[in-house]
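See below for the structure under consideration.
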Amino acid sequence: MSALTDEEVRRLEETARRIRCHIVRTIGGAGVGHPGGSLSAADILTALYFRVLRVDPQRPNWEDRDRFILSKGHGAAGLYATLAERGFFPVEWLQTFGRLESPLQVHPDMHLVPGVEISSGALGLGLSMALGMALAARLDGKAYRVYCLIGDGENQEGQIWEAAASAAHYKVDNLTAILDYNRVQLMGTLDEVLELDPIVAKWRAFNWEVKEIDGHDMRQIVTALEEAKEVKGRPCIIIAHTVKGKGVSYMEGQAAWHGKAPNAEQLARALADLGCQG
């Protein structure tokens with residue numbers, strides 16, 4: 001794929017801003033959700049769905065589509081906002097987030113939401129599921145790729161590393177993982193809870209190709225995702241350095257906003273920070 005033009009970068013950045021507006025409105029309106037990790041991943045989700053992934057919103061179950069796995073399922077508001085912007089379902093659905101009758105639950109349900117590949121929320125499972133899908137593509141002679149977004153808190157779990165070892169052993173080069181490395185989890189910062197560094201050395205020791213980027217630099221994100229397609233004989237992980245609550249001044253870097261909805265006054269401040277209309 002050709003290199004990004006400045007105009008394309010601006011378009012993607014504007015899309016990411018709209019997605020962040022959807023996220024805070026969705027969570028604020030519902031009074032429940034996980035804004036911090038949804039906001040930190042918005043640029044990554046934008047790059048995937050509006051530049052990299054081969055998907056068709058009119059055919060969400062298209063057999064040859066690329067697969068995206070949101071392993072950190074608590075970031076569902078970010079995924080829903082992205083899917084709505086991409087046209088998988090009406091943006092108006094976002095207003096129903098978290099209601100009993102709504103398909104848009106606080107963690108995603110693959111049976112209810114077009115474009116959702118797995119029901120996630122139990123942390124640590126997504127990379128194993130992504131590995132299974134990537135191996136299935138190989139067995140079926142399919143060309144689709146599988147992408148998996150994992151959180152740094154869940155990167156502390158053993159199953160992530162079992163999947164990492166297996167993917168390298170089987171040389172699964174149609175699998176790309178992205179680590180949303182915002183260094184803040186539910187109970188505090190990584191250095192307070194369980195430090196992951198040297199994270200790059202650890203993934204390299206598991207025989208993965210590792211790319212380290214600024215997870216809010218659209219050009220870097222797209223470049224890394226495109227370069228990952230060219231890696232042969234091993235899986236690739238992109239370590240994306242991000243900011244928890246990115247774009248909302250009082251949420252940035254704060255563990256308190258891992259899983260708390262803003263009240264009306266806080267929502268107004270968030271919308272102003274993001275330059276959202278209304």
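In the structure tokens, chains take the letters A, B, ... in the order shown, each chain's residues start at 1, and ligands count up from 1 in the order shown.
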
What's around range 245-251 of chain A at 7 Å? Count only C-alpha atoms, leave out sequence neighbours fewer than 2 positions away in its own chain, and write the answer as number ranges by chain. A: 35-37, 39-40, 243, 253-254, 257, 270, 273-274

Those same residues - N, CA and C atoms - I'd like them written as a PDB file, in the first residue's frame.
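Contents of again14.pdb, freshly written:
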```pdb
ATOM      1  N   PRO A  35     -13.705   4.437  29.998  1.00  0.00           N
ATOM      2  CA  PRO A  35     -13.218   5.467  29.080  1.00  0.00           C
ATOM      3  C   PRO A  35     -11.708   5.472  28.865  1.00  0.00           C
ATOM      4  N   GLY A  36     -10.927   5.211  29.911  1.00  0.00           N
ATOM      5  CA  GLY A  36      -9.473   5.368  29.811  1.00  0.00           C
ATOM      6  C   GLY A  36      -8.833   4.570  28.705  1.00  0.00           C
ATOM      7  N   GLY A  37      -9.093   3.259  28.699  1.00  0.00           N
ATOM      8  CA  GLY A  37      -8.499   2.387  27.698  1.00  0.00           C
ATOM      9  C   GLY A  37      -9.161   2.468  26.344  1.00  0.00           C
ATOM     10  N   LEU A  39     -10.188   5.416  25.056  1.00  0.00           N
ATOM     11  CA  LEU A  39      -9.589   6.622  24.482  1.00  0.00           C
ATOM     12  C   LEU A  39      -8.141   6.379  24.076  1.00  0.00           C
ATOM     13  N   SER A  40      -7.395   5.588  24.852  1.00  0.00           N
ATOM     14  CA  SER A  40      -5.987   5.357  24.506  1.00  0.00           C
ATOM     15  C   SER A  40      -5.833   4.567  23.218  1.00  0.00           C
ATOM     16  N   VAL A 243      -1.426   6.949  25.943  1.00  0.00           N
ATOM     17  CA  VAL A 243      -1.789   7.668  27.164  1.00  0.00           C
ATOM     18  C   VAL A 243      -3.204   7.263  27.561  1.00  0.00           C
ATOM     19  N   GLY A 253      -3.743   9.587  31.997  1.00  0.00           N
ATOM     20  CA  GLY A 253      -2.810   8.971  32.929  1.00  0.00           C
ATOM     21  C   GLY A 253      -3.387   8.628  34.285  1.00  0.00           C
ATOM     22  N   GLN A 254      -4.704   8.655  34.426  1.00  0.00           N
ATOM     23  CA  GLN A 254      -5.335   8.463  35.730  1.00  0.00           C
ATOM     24  C   GLN A 254      -6.037   7.102  35.817  1.00  0.00           C
ATOM     25  N   TRP A 257      -9.927   6.624  36.031  1.00  0.00           N
ATOM     26  CA  TRP A 257     -10.798   6.644  34.855  1.00  0.00           C
ATOM     27  C   TRP A 257     -10.683   5.370  34.037  1.00  0.00           C
ATOM     28  N   ALA A 270     -15.130  17.037  28.947  1.00  0.00           N
ATOM     29  CA  ALA A 270     -14.501  16.102  28.010  1.00  0.00           C
ATOM     30  C   ALA A 270     -14.821  16.480  26.572  1.00  0.00           C
ATOM     31  N   ASP A 273     -12.784  19.473  25.629  1.00  0.00           N
ATOM     32  CA  ASP A 273     -11.380  19.102  25.391  1.00  0.00           C
ATOM     33  C   ASP A 273     -11.193  18.511  23.999  1.00  0.00           C
ATOM     34  N   LEU A 274     -12.149  17.714  23.570  1.00  0.00           N
ATOM     35  CA  LEU A 274     -12.036  17.010  22.292  1.00  0.00           C
ATOM     36  C   LEU A 274     -12.560  17.822  21.115  1.00  0.00           C
TER      37      LEU A 274
END
```

If we count only C-alpha atoms, what is near range 145-148 of chain A at a cut-off of 6 Å, once residues fewer than 4 positions away on the same chain are taken out, given as a ChimeraX atom specification? /A:66-69,134,174-177

Need the shell around Lys232 in chain A: protein/DNA/RNA residues with any atom at most 12 Å away, counting only C-alpha atoms. Skip same-chain ones fewer than 3 positions apart. Format as a PyMOL selection string? chain A and resi 168+170-176+208-209+227-229+235-236

Excluding Pro108 in chain A and any residue of its chain fewer than 6 positions from it, enumerate the residues within 9 Å of it, using only C-alpha atoms, and give them as a list in words.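 Neighbouring residues, sequence-local ones excluded: Leu70, Gly73, His74, Gly75, Ala76, Ala77, Leu79, Tyr80, Val116, Ile118, Ser119, Ser120 and Gly121 of chain A.
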
One-decimal distance in Å that lies between CA of Gly115 in chain A and CA of Gly233 in chain A: 28.7 Å

Nearest-residue call for Arg11 in chain A, choices A:Asn263, A:Gln105, A:Thr46, A:Gln185, using only C-alpha atoms: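 Looking only at the distances to Arg11 in chain A, the closest residue turns out to be A:Thr46.
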
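Here CA of Ser102 in chain A stands at a distance of 15.5 Å from CA of Leu83 in chain A.
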
Tell me which protein, DNA and RNA residues are within 12 Å of Phe89 in chain A, counting only C-alpha atoms, leaving out same-chain ones fewer than 6 positions away, and put them as a list in words.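 The filter keeps Asp56, Pro57, Gln58, Arg59, Pro60, Leu79, Tyr80, Ala81, Thr82, Leu83, Pro103, Leu104, Leu112, Val113, Pro114, Gly115 and Val116 of chain A.
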
Can I get the selection written as a PDB file, in the first residue's frame, with N, CA and C atoms?
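The resulting file, out_11.pdb, is shown below:
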```
ATOM      1  N   ASP A  56     -15.740  -5.431   5.039  1.00  0.00           N
ATOM      2  CA  ASP A  56     -16.868  -4.883   4.299  1.00  0.00           C
ATOM      3  C   ASP A  56     -18.035  -4.742   5.266  1.00  0.00           C
ATOM      4  N   PRO A  57     -18.373  -3.508   5.678  1.00  0.00           N
ATOM      5  CA  PRO A  57     -19.469  -3.330   6.633  1.00  0.00           C
ATOM      6  C   PRO A  57     -20.792  -3.910   6.158  1.00  0.00           C
ATOM      7  N   GLN A  58     -20.986  -4.009   4.851  1.00  0.00           N
ATOM      8  CA  GLN A  58     -22.225  -4.576   4.324  1.00  0.00           C
ATOM      9  C   GLN A  58     -22.218  -6.100   4.381  1.00  0.00           C
ATOM     10  N   ARG A  59     -21.029  -6.667   4.545  1.00  0.00           N
ATOM     11  CA  ARG A  59     -20.898  -8.129   4.668  1.00  0.00           C
ATOM     12  C   ARG A  59     -19.987  -8.428   5.859  1.00  0.00           C
ATOM     13  N   PRO A  60     -20.482  -8.246   7.082  1.00  0.00           N
ATOM     14  CA  PRO A  60     -19.613  -8.422   8.251  1.00  0.00           C
ATOM     15  C   PRO A  60     -19.073  -9.835   8.408  1.00  0.00           C
ATOM     16  N   LEU A  79     -14.421   0.206  20.459  1.00  0.00           N
ATOM     17  CA  LEU A  79     -14.700  -0.640  19.299  1.00  0.00           C
ATOM     18  C   LEU A  79     -16.061  -0.304  18.705  1.00  0.00           C
ATOM     19  N   TYR A  80     -17.078  -0.132  19.539  1.00  0.00           N
ATOM     20  CA  TYR A  80     -18.407   0.202  19.027  1.00  0.00           C
ATOM     21  C   TYR A  80     -18.382   1.527  18.266  1.00  0.00           C
ATOM     22  N   ALA A  81     -17.717   2.522  18.842  1.00  0.00           N
ATOM     23  CA  ALA A  81     -17.643   3.824  18.176  1.00  0.00           C
ATOM     24  C   ALA A  81     -16.989   3.692  16.808  1.00  0.00           C
ATOM     25  N   THR A  82     -15.952   2.880  16.724  1.00  0.00           N
ATOM     26  CA  THR A  82     -15.239   2.679  15.463  1.00  0.00           C
ATOM     27  C   THR A  82     -16.106   1.936  14.451  1.00  0.00           C
ATOM     28  N   LEU A  83     -16.760   0.873  14.888  1.00  0.00           N
ATOM     29  CA  LEU A  83     -17.628   0.111  13.992  1.00  0.00           C
ATOM     30  C   LEU A  83     -18.777   0.969  13.478  1.00  0.00           C
ATOM     31  N   PRO A 103     -27.978  -4.343  21.955  1.00  0.00           N
ATOM     32  CA  PRO A 103     -26.900  -5.256  21.545  1.00  0.00           C
ATOM     33  C   PRO A 103     -25.529  -4.783  22.033  1.00  0.00           C
ATOM     34  N   LEU A 104     -25.417  -3.498  22.375  1.00  0.00           N
ATOM     35  CA  LEU A 104     -24.131  -2.921  22.760  1.00  0.00           C
ATOM     36  C   LEU A 104     -23.957  -2.994  24.276  1.00  0.00           C
ATOM     37  N   LEU A 112     -24.424 -10.474  18.879  1.00  0.00           N
ATOM     38  CA  LEU A 112     -25.346  -9.347  18.840  1.00  0.00           C
ATOM     39  C   LEU A 112     -24.886  -8.177  17.976  1.00  0.00           C
ATOM     40  N   VAL A 113     -23.570  -8.035  17.796  1.00  0.00           N
ATOM     41  CA  VAL A 113     -23.039  -6.813  17.187  1.00  0.00           C
ATOM     42  C   VAL A 113     -22.323  -7.133  15.874  1.00  0.00           C
ATOM     43  N   PRO A 114     -22.790  -6.597  14.745  1.00  0.00           N
ATOM     44  CA  PRO A 114     -22.091  -6.799  13.470  1.00  0.00           C
ATOM     45  C   PRO A 114     -20.660  -6.282  13.552  1.00  0.00           C
ATOM     46  N   GLY A 115     -19.706  -7.102  13.116  1.00  0.00           N
ATOM     47  CA  GLY A 115     -18.308  -6.702  13.103  1.00  0.00           C
ATOM     48  C   GLY A 115     -17.515  -7.161  14.305  1.00  0.00           C
ATOM     49  N   VAL A 116     -18.181  -7.630  15.353  1.00  0.00           N
ATOM     50  CA  VAL A 116     -17.472  -8.134  16.532  1.00  0.00           C
ATOM     51  C   VAL A 116     -17.147  -9.603  16.304  1.00  0.00           C
TER      52      VAL A 116
END
```
